[in-house]
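**Student:** Data file input_37.csv (CSV, C-alpha atoms and all ligand atoms) is appended below.
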```csv
chain,number,residue,atom,x,y,z
A,1,MET,CA,-35.4,264.0,41.6
A,2,THR,CA,-35.6,263.8,37.9
A,3,VAL,CA,-32.8,264.9,35.7
A,4,ARG,CA,-34.1,267.7,33.3
A,5,GLU,CA,-30.9,268.5,31.4
A,6,VAL,CA,-27.2,267.6,31.3
A,7,VAL,CA,-24.8,270.2,30.0
A,8,GLU,CA,-21.1,269.8,29.2
A,9,GLU,CA,-19.1,272.4,31.1
A,10,THR,CA,-15.6,271.1,30.3
A,11,PRO,CA,-14.3,267.9,28.8
A,12,ARG,CA,-14.3,266.5,32.4
A,13,ALA,CA,-17.3,268.2,34.0
A,14,ARG,CA,-21.1,268.2,33.5
A,15,THR,CA,-23.8,270.2,35.0
A,16,ILE,CA,-26.9,268.2,35.9
A,17,ALA,CA,-30.1,270.2,36.2
A,18,LEU,CA,-32.8,268.6,38.3
A,19,ASP,CA,-36.5,269.2,38.6
A,20,VAL,CA,-37.2,269.8,42.3
A,21,PRO,CA,-40.9,269.6,43.1
A,22,GLY,CA,-41.3,270.6,46.8
A,23,TRP,CA,-37.8,271.9,47.1
A,24,PRO,CA,-37.6,273.8,50.4
A,25,GLY,CA,-35.2,276.4,48.9
A,26,HIS,CA,-31.5,276.7,49.6
A,27,ARG,CA,-28.8,279.3,50.4
A,28,ALA,CA,-25.8,279.9,48.2
A,29,GLY,CA,-23.0,277.7,49.3
A,30,GLN,CA,-25.0,274.7,50.5
A,31,HIS,CA,-24.7,271.2,49.1
A,32,VAL,CA,-26.8,268.0,48.7
A,33,ASP,CA,-26.0,264.4,49.2
A,34,VAL,CA,-26.6,262.2,46.1
A,35,ARG,CA,-27.1,258.4,46.7
A,36,LEU,CA,-26.7,255.8,44.0
A,37,THR,CA,-28.1,252.3,44.3
A,38,ALA,CA,-26.8,249.5,42.0
A,39,PRO,CA,-29.2,246.7,40.9
A,40,ASP,CA,-27.6,244.4,43.5
A,41,GLY,CA,-28.5,246.9,46.2
A,42,TYR,CA,-25.0,248.3,46.7
A,43,GLN,CA,-25.1,252.0,47.6
A,44,ALA,CA,-22.7,254.9,47.4
A,45,GLN,CA,-23.2,258.5,48.5
A,46,ARG,CA,-21.3,261.7,47.8
A,47,SER,CA,-21.8,265.4,48.5
A,48,TYR,CA,-22.2,267.9,45.7
A,49,SER,CA,-22.5,271.6,46.0
A,50,ILE,CA,-25.4,273.4,44.6
A,51,ALA,CA,-24.3,275.5,41.6
A,52,SER,CA,-27.5,277.4,41.0
A,53,ALA,CA,-28.7,280.5,42.6
A,54,PRO,CA,-31.5,280.2,45.2
A,55,GLU,CA,-33.6,282.4,42.9
A,56,LEU,CA,-33.6,279.7,40.1
A,57,ASP,CA,-36.4,277.2,40.0
A,58,THR,CA,-34.0,274.3,39.0
A,59,LEU,CA,-31.4,272.7,41.1
A,60,GLU,CA,-28.0,272.5,39.3
A,61,LEU,CA,-25.0,270.4,40.3
A,62,THR,CA,-21.7,270.5,38.5
A,63,VAL,CA,-19.7,267.3,38.8
A,64,GLU,CA,-16.1,266.9,37.7
A,65,LEU,CA,-14.7,263.5,36.9
A,66,VAL,CA,-12.4,261.9,39.4
A,67,ASP,CA,-10.5,259.2,37.6
A,68,ASP,CA,-11.2,255.8,39.1
A,69,GLY,CA,-13.9,257.3,41.2
A,70,GLU,CA,-17.0,255.4,42.2
A,71,VAL,CA,-19.7,258.0,41.8
A,72,SER,CA,-18.4,260.9,39.7
A,73,PRO,CA,-17.9,258.8,36.5
A,74,TYR,CA,-21.6,257.7,36.6
A,75,LEU,CA,-22.8,261.3,37.1
A,76,VAL,CA,-20.5,262.7,34.4
A,77,GLU,CA,-20.6,260.0,31.7
A,78,THR,CA,-23.8,258.1,32.2
A,79,VAL,CA,-26.6,260.2,33.6
A,80,ARG,CA,-29.2,261.3,31.0
A,81,PRO,CA,-32.3,263.5,31.1
A,82,GLY,CA,-35.2,261.6,32.5
A,83,ASP,CA,-33.0,259.6,34.9
A,84,GLU,CA,-33.9,259.7,38.6
A,85,LEU,CA,-31.4,260.5,41.4
A,86,GLU,CA,-31.8,260.2,45.1
A,87,VAL,CA,-30.9,263.6,46.5
A,88,ARG,CA,-31.0,264.7,50.2
A,89,GLY,CA,-30.6,268.4,51.2
A,90,PRO,CA,-30.0,271.2,51.3
A,91,ILE,CA,-27.2,270.7,53.8
A,92,GLY,CA,-24.7,273.1,55.4
A,93,GLY,CA,-25.0,276.3,57.3
A,94,PHE,CA,-21.6,277.8,57.8
A,95,PHE,CA,-20.4,277.8,54.2
A,96,THR,CA,-23.2,280.1,53.0
A,97,TRP,CA,-23.5,283.7,51.9
A,98,SER,CA,-26.5,285.9,51.1
A,99,ALA,CA,-26.7,289.4,49.8
A,100,GLU,CA,-28.0,290.7,53.2
A,101,LEU,CA,-24.7,289.8,54.8
A,102,GLY,CA,-23.0,292.4,52.6
A,103,GLY,CA,-19.3,292.4,51.6
A,104,PRO,CA,-16.7,292.6,50.6
A,105,LEU,CA,-16.4,289.0,49.4
A,106,LEU,CA,-13.1,287.2,48.8
A,107,LEU,CA,-13.7,283.9,47.0
A,108,VAL,CA,-10.8,281.5,46.4
A,109,ALA,CA,-11.4,278.3,44.4
A,110,GLY,CA,-9.3,275.3,43.3
A,111,GLY,CA,-10.8,273.6,40.3
A,112,SER,CA,-14.4,272.4,40.9
A,113,GLY,CA,-14.3,274.2,44.2
A,114,LEU,CA,-15.7,277.0,42.1
A,115,VAL,CA,-19.2,275.4,42.2
A,116,PRO,CA,-20.5,276.8,45.6
A,117,LEU,CA,-18.8,280.1,45.0
A,118,MET,CA,-20.5,280.4,41.6
A,119,ALA,CA,-23.9,279.9,43.4
A,120,MET,CA,-22.8,283.0,45.5
A,121,LEU,CA,-21.9,285.0,42.5
A,122,ARG,CA,-25.1,284.0,40.7
A,123,HIS,CA,-27.1,285.0,43.8
A,124,ARG,CA,-25.2,288.3,43.9
A,125,ALA,CA,-26.2,288.8,40.2
A,126,ALA,CA,-29.9,287.8,40.8
A,127,ARG,CA,-30.1,290.3,43.6
A,128,LYS,CA,-28.3,292.9,41.6
A,129,SER,CA,-26.1,293.3,44.7
A,130,ASP,CA,-23.1,295.6,44.2
A,131,VAL,CA,-21.0,294.3,47.1
A,132,ALA,CA,-17.3,294.0,46.1
A,133,ALA,CA,-16.6,290.4,45.1
A,134,HIS,CA,-13.1,289.2,44.2
A,135,LEU,CA,-12.7,285.7,42.9
A,136,LEU,CA,-9.4,283.9,42.5
A,137,LEU,CA,-9.7,280.7,40.5
A,138,SER,CA,-6.8,278.2,40.4
A,139,THR,CA,-7.0,275.6,37.6
A,140,ARG,CA,-4.4,273.5,35.8
A,141,ALA,CA,-5.2,274.9,32.4
A,142,PRO,CA,-7.9,277.1,30.7
A,143,GLU,CA,-9.9,274.1,29.5
A,144,ASP,CA,-10.5,273.1,33.1
A,145,VAL,CA,-12.3,276.4,33.9
A,146,LEU,CA,-16.0,275.8,34.7
A,147,TYR,CA,-18.5,278.4,33.6
A,148,ARG,CA,-15.8,280.2,31.6
A,149,GLU,CA,-18.2,282.3,29.4
A,150,GLU,CA,-20.5,283.1,32.3
A,151,LEU,CA,-17.6,284.2,34.5
A,152,ALA,CA,-16.5,286.7,31.8
A,153,GLN,CA,-20.0,288.2,31.6
A,154,LEU,CA,-21.2,288.0,35.2
A,155,GLU,CA,-23.2,291.0,36.4
A,156,PRO,CA,-23.2,293.4,38.2
A,157,ARG,CA,-19.7,293.9,36.7
A,158,GLU,CA,-19.2,296.8,39.1
A,159,ALA,CA,-16.9,295.8,42.0
A,160,LEU,CA,-16.5,292.3,40.6
A,161,ARG,CA,-13.0,291.1,39.9
A,162,VAL,CA,-12.2,287.6,38.5
A,163,GLU,CA,-8.6,286.5,38.4
A,164,HIS,CA,-7.3,283.2,37.1
A,165,THR,CA,-4.1,281.4,37.9
A,166,TYR,CA,-3.0,278.4,35.8
A,167,THR,CA,-0.7,275.9,37.5
A,168,ARG,CA,0.2,273.7,34.6
A,169,GLN,CA,-0.6,275.1,31.2
A,170,PRO,CA,-1.4,278.8,30.9
A,171,PRO,CA,-2.8,279.9,27.5
A,172,PRO,CA,-0.2,281.1,25.0
A,173,GLY,CA,0.9,284.7,25.6
A,174,TRP,CA,-0.7,284.7,29.1
A,175,SER,CA,0.7,287.4,31.3
A,176,GLY,CA,-1.4,286.7,34.4
A,177,PHE,CA,-0.7,284.4,37.4
A,178,ALA,CA,0.8,281.0,36.4
A,179,ARG,CA,1.6,279.4,39.7
A,180,ARG,CA,0.0,277.9,42.8
A,181,VAL,CA,-1.9,280.4,45.0
A,182,ASP,CA,0.6,282.1,47.3
A,183,ALA,CA,0.6,285.0,49.8
A,184,GLU,CA,1.6,287.6,47.2
A,185,MET,CA,-1.3,286.6,44.9
A,186,LEU,CA,-3.8,286.7,47.8
A,187,ALA,CA,-2.5,290.1,48.8
A,188,GLU,CA,-3.2,291.4,45.3
A,189,ILE,CA,-6.7,290.1,45.1
A,190,ASP,CA,-7.7,290.9,48.7
A,191,PRO,CA,-10.7,293.3,48.7
A,192,GLY,CA,-9.7,294.8,52.1
A,193,PRO,CA,-10.5,294.5,55.8
A,194,GLY,CA,-13.6,292.8,57.0
A,195,ALA,CA,-14.0,290.5,54.0
A,196,HIS,CA,-16.2,287.5,54.1
A,197,VAL,CA,-13.8,284.8,52.8
A,198,PHE,CA,-14.9,281.5,51.2
A,199,VAL,CA,-12.2,279.0,50.2
A,200,CYS,CA,-13.2,275.8,48.4
A,201,GLY,CA,-11.4,273.0,46.5
A,202,PRO,CA,-9.3,269.9,47.2
A,203,THR,CA,-8.3,269.5,50.9
A,204,PRO,CA,-4.6,270.4,50.6
A,205,PHE,CA,-5.5,273.5,48.5
A,206,VAL,CA,-8.0,274.7,51.1
A,207,GLU,CA,-5.7,274.0,54.1
A,208,ARG,CA,-2.9,276.0,52.4
A,209,VAL,CA,-5.0,278.9,51.3
A,210,SER,CA,-6.8,279.2,54.6
A,211,THR,CA,-3.5,279.3,56.5
A,212,LEU,CA,-2.1,282.0,54.2
A,213,LEU,CA,-5.2,284.1,54.7
A,214,VAL,CA,-5.1,283.9,58.5
A,215,GLU,CA,-1.3,284.7,58.4
A,216,ALA,CA,-2.2,287.7,56.3
A,217,GLY,CA,-4.4,289.0,59.1
A,218,HIS,CA,-7.9,287.7,58.2
A,219,ASP,CA,-10.1,286.8,61.2
A,220,PRO,CA,-10.2,283.0,61.3
A,221,ALA,CA,-13.9,283.2,62.1
A,222,ALA,CA,-14.4,285.0,58.8
A,223,VAL,CA,-12.5,282.4,56.7
A,224,HIS,CA,-15.1,279.8,55.6
A,225,ALA,CA,-13.5,276.6,54.2
A,226,GLU,CA,-15.1,273.7,52.3
A,227,ARG,CA,-13.0,270.7,51.5
A,228,PHE,CA,-14.0,268.6,48.5
A,229,GLY,CA,-12.0,265.5,49.1
A,230,PRO,CA,-10.6,262.9,48.9
A,231,THR,CA,-13.4,261.3,50.7
A,232,SER,CA,-13.4,258.3,53.0
A,233,GLY,CA,-16.1,256.8,50.8
A,234,GLY,CA,-19.8,256.6,51.2
A,235,PRO,CA,-21.9,254.0,53.0
A,236,ARG,CA,-21.4,250.5,51.6
A,237,GLY,CA,-24.5,248.5,51.0
A,301,LIG,C1,-19.4,269.4,50.9
A,301,LIG,C2,-18.8,268.8,49.6
A,301,LIG,C3,-19.2,269.4,48.4
A,301,LIG,C4,-18.7,268.8,47.2
A,301,LIG,N1,-19.1,269.4,46.0
A,301,LIG,C5,-18.6,268.9,44.8
A,301,LIG,C6,-19.0,269.5,43.6
A,301,LIG,O1,-19.8,270.5,43.5
A,301,LIG,N2,-18.5,269.0,42.4
A,301,LIG,C7,-17.6,267.9,42.4
A,301,LIG,O2,-17.2,267.5,41.3
A,301,LIG,N3,-17.2,267.3,43.6
A,301,LIG,C8,-17.7,267.8,44.8
A,301,LIG,N4,-17.4,267.2,46.0
A,301,LIG,C9,-16.5,266.0,45.9
A,301,LIG,C10,-17.5,264.8,45.8
A,301,LIG,O3,-18.2,264.6,47.0
A,301,LIG,C11,-16.7,263.4,45.5
A,301,LIG,O4,-15.7,263.3,46.5
A,301,LIG,C12,-16.1,263.3,44.2
A,301,LIG,O5,-17.1,263.4,43.1
A,301,LIG,C13,-15.3,262.0,44.0
A,301,LIG,O6,-16.2,260.9,44.2
A,301,LIG,P1,-16.0,259.5,43.5
A,301,LIG,O7,-17.0,258.6,44.1
A,301,LIG,O8,-16.0,259.7,42.0
A,301,LIG,O9,-14.5,259.2,43.9
A,301,LIG,P2,-14.1,258.1,45.1
A,301,LIG,O10,-14.5,256.7,44.7
A,301,LIG,O11,-14.6,258.7,46.4
A,301,LIG,O12,-12.5,258.3,45.1
A,301,LIG,C14,-11.7,257.8,44.1
A,301,LIG,C15,-10.2,258.3,44.3
A,301,LIG,O13,-10.1,259.7,44.1
A,301,LIG,C16,-9.7,260.3,45.3
A,301,LIG,N5,-10.6,261.5,45.4
A,301,LIG,C17,-11.9,261.5,45.9
A,301,LIG,N6,-12.4,262.8,45.8
A,301,LIG,C18,-11.4,263.5,45.2
A,301,LIG,C19,-11.4,264.9,44.9
A,301,LIG,N7,-12.4,265.8,45.1
A,301,LIG,N8,-10.2,265.4,44.3
A,301,LIG,C20,-9.2,264.5,44.1
A,301,LIG,N9,-9.2,263.2,44.4
A,301,LIG,C21,-10.3,262.7,45.0
A,301,LIG,C22,-10.0,259.3,46.4
A,301,LIG,O14,-9.1,259.5,47.5
A,301,LIG,C23,-9.7,258.0,45.7
A,301,LIG,O15,-8.4,257.7,45.7
A,301,LIG,C24,-17.8,267.7,47.2
A,301,LIG,C25,-17.4,267.2,48.4
A,301,LIG,C26,-17.9,267.7,49.6
A,301,LIG,C27,-17.5,267.1,50.9
```
Let me see the file written as structure tokens.
**Tutor:**
Amino acid sequence: MTVREVVEETPRARTIALDVPGWPGHRAGQHVDVRLTAPDGYQAQRSYSIASAPELDTLELTVELVDDGEVSPYLVETVRPGDELEVRGPIGGFFTWSAELGGPLLLVAGGSGLVPLMAMLRHRAARKSDVAAHLLLSTRAPEDVLYREELAQLEPREALRVEHTYTRQPPPGWSGFARRVDAEMLAEIDPGPGAHVFVCGPTPFVERVSTLLVEAGHDPAAVHAERFGPTSGGPRG
């Protein structure tokens, strides 16, 4: 696929928009595998969630820099419009939501774990779905929040609630959550019984939040979890 555009989301994250001729379509929450090949034939492959709504004719990925990583520094710092990437997908069936499934939705993200959840909220907006959707986003500091402006303007506003918690540096004068996600916080953001729950982020974050949600009475079958890493590495060429 050819890179159409690269957008800076935060100092450490870029959105890569790809031209997708012949794309079969995707569901909100799915991911793709991106494979890079070095001039000497060495290959590395990593998964990236699709950030864009299925309704958009461009495929968007948002990649956050992992210091000392093999693949993310290339995607964040080097990739330019016109470059070609080897992309396979869409992949994943369990971690998906579409407006027909209804709500309420409880979305809990740690850092770049927001990416597939944003695809769900963008899909909700594109379909003008008014299902209750509550998002809790945990980041270290405000400058790490992806899609900050879009999150503040997402439609339909009705029944949409977006809450932030800052675990290291809340903004000056902040009176909201400023700690790691805990049971009390989840109880406050919970949209009620029968919620479709999606949790995404670093592995320890996802394990902890999923456990808390099940302890709080959520049906384990309704708690969908996607773990972003660390990975065991891609295939070595
Ligand atoms: C289904 C799925 C969807 C994903 N979607 C996204 C996405 O939308 N955006 C995105 O930025 N990433 C996403 N990831 C993570 C991504 O696949 C890579 O793991 C990440 O970009 C790091 O790759 P790397 O080659 O730069 O680092 P590596 O070379 O693999 O790792 C370098 C070091 O960082 C550690 N590490 C690796 N990954 C992480 C991590 N996520 N957090 C903290 N430490 C880590 C490793 O243990 C290692 O010590 C997703 C992962 C999965 C499984």
**Student:** Find the spatial neighbours of A:Gly113, counting all atoms listed in the file, within a cut-off of 6 Å - ignore same-chain residues fewer than 4 positions away - and output them as number ranges by chain.
**Tutor:** A: 109, 200-201
**Student:** Here is a test: counting all atoms listed in the file, which residue of A:Glu163, A:Val79, A:Leu117, A:Ser138 is nearest to A:His224?
**Tutor:**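 The answer is A:Leu117, which sits nearest to A:His224.
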**Student:** What do you get as an NGL selection string if you pick all residues at most 9 Å from ligand LIG 301 (chain A), counting all atoms listed in the file?
**Tutor:** :A and (13-14 or 30-34 or 44-51 or 61-75 or 91-92 or 111-116 or 200-203 or 226-234)
**Student:** When distances are computed from all atoms listed in the file, which of A:Glu155, A:Glu215, A:Glu149, A:Asp182 shows the smallest separation from A:Arg127?
**Tutor:**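 Closest candidate: A:Glu155.
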**Student:** Using all atoms listed in the file, determine which residues lie at most 12 Å from A:Trp174, disregarding the query and same-chain residues fewer than 5 positions distant; provide the list as a ChimeraX atom specification.
**Tutor:** /A:141-142,164-166,169
**Student:** One number please: atom CA of A:Thr2 to atom CA of A:Asp57, in Å, one decimal.
**Tutor:**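 These two atoms are separated by 13.6 Å.
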**Student:** Compare A:Ala126, A:Val3, A:Leu137, A:Ala216 by their minimum atom-to-atom distance to A:Arg179, counting all atoms listed in the file, and give me the closest one.
**Tutor:**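 For A:Arg179, the nearest of the candidates is A:Leu137.
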**Student:** So, counting all atoms listed in the file, which residue among A:Asp83, A:Val7, A:Gly89, A:Pro170 is closest to A:Gly22?
**Tutor:**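 Using all atoms listed in the file, the shortest distance to A:Gly22 belongs to A:Gly89.
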**Student:** Choose the residue, out of A:Leu160, A:Val131, A:Ala222, A:Met118, that has the smallest atom-to-atom separation from A:Leu146; count all atoms listed in the file.
**Tutor:** A:Met118
**Student:** Would you kindly place N, CA and C atoms on stretch 84-97 of chain A and return the model as a CSV table (one decimal), in the frame of the given file?
**Tutor:**
```
chain,number,residue,atom,x,y,z
A,84,GLU,N,-33.6,259.3,37.3
A,84,GLU,CA,-33.9,259.7,38.6
A,84,GLU,C,-32.7,259.6,39.5
A,85,LEU,N,-32.5,260.6,40.4
A,85,LEU,CA,-31.4,260.5,41.4
A,85,LEU,C,-32.0,260.7,42.8
A,86,GLU,N,-31.4,260.0,43.7
A,86,GLU,CA,-31.8,260.2,45.1
A,86,GLU,C,-31.0,261.3,45.7
A,87,VAL,N,-31.6,262.4,46.1
A,87,VAL,CA,-30.9,263.6,46.5
A,87,VAL,C,-31.5,264.0,47.9
A,88,ARG,N,-30.6,264.3,48.8
A,88,ARG,CA,-31.0,264.7,50.2
A,88,ARG,C,-30.4,266.1,50.4
A,89,GLY,N,-31.2,267.0,50.9
A,89,GLY,CA,-30.6,268.4,51.2
A,89,GLY,C,-31.7,269.4,51.3
A,90,PRO,N,-31.4,270.7,51.3
A,90,PRO,CA,-30.0,271.2,51.3
A,90,PRO,C,-29.3,271.0,52.6
A,91,ILE,N,-28.0,271.0,52.6
A,91,ILE,CA,-27.2,270.7,53.8
A,91,ILE,C,-26.1,271.8,53.9
A,92,GLY,N,-25.8,272.2,55.2
A,92,GLY,CA,-24.7,273.1,55.4
A,92,GLY,C,-25.2,274.5,55.8
A,93,GLY,N,-24.6,275.0,56.9
A,93,GLY,CA,-25.0,276.3,57.3
A,93,GLY,C,-23.9,277.3,57.4
A,94,PHE,N,-22.7,276.8,57.6
A,94,PHE,CA,-21.6,277.8,57.8
A,94,PHE,C,-21.0,278.3,56.5
A,95,PHE,N,-21.0,277.4,55.5
A,95,PHE,CA,-20.4,277.8,54.2
A,95,PHE,C,-21.5,278.5,53.3
A,96,THR,N,-22.1,279.5,53.8
A,96,THR,CA,-23.2,280.1,53.0
A,96,THR,C,-23.0,281.7,53.0
A,97,TRP,N,-23.5,282.3,51.9
A,97,TRP,CA,-23.5,283.7,51.9
A,97,TRP,C,-24.8,284.2,51.2
```
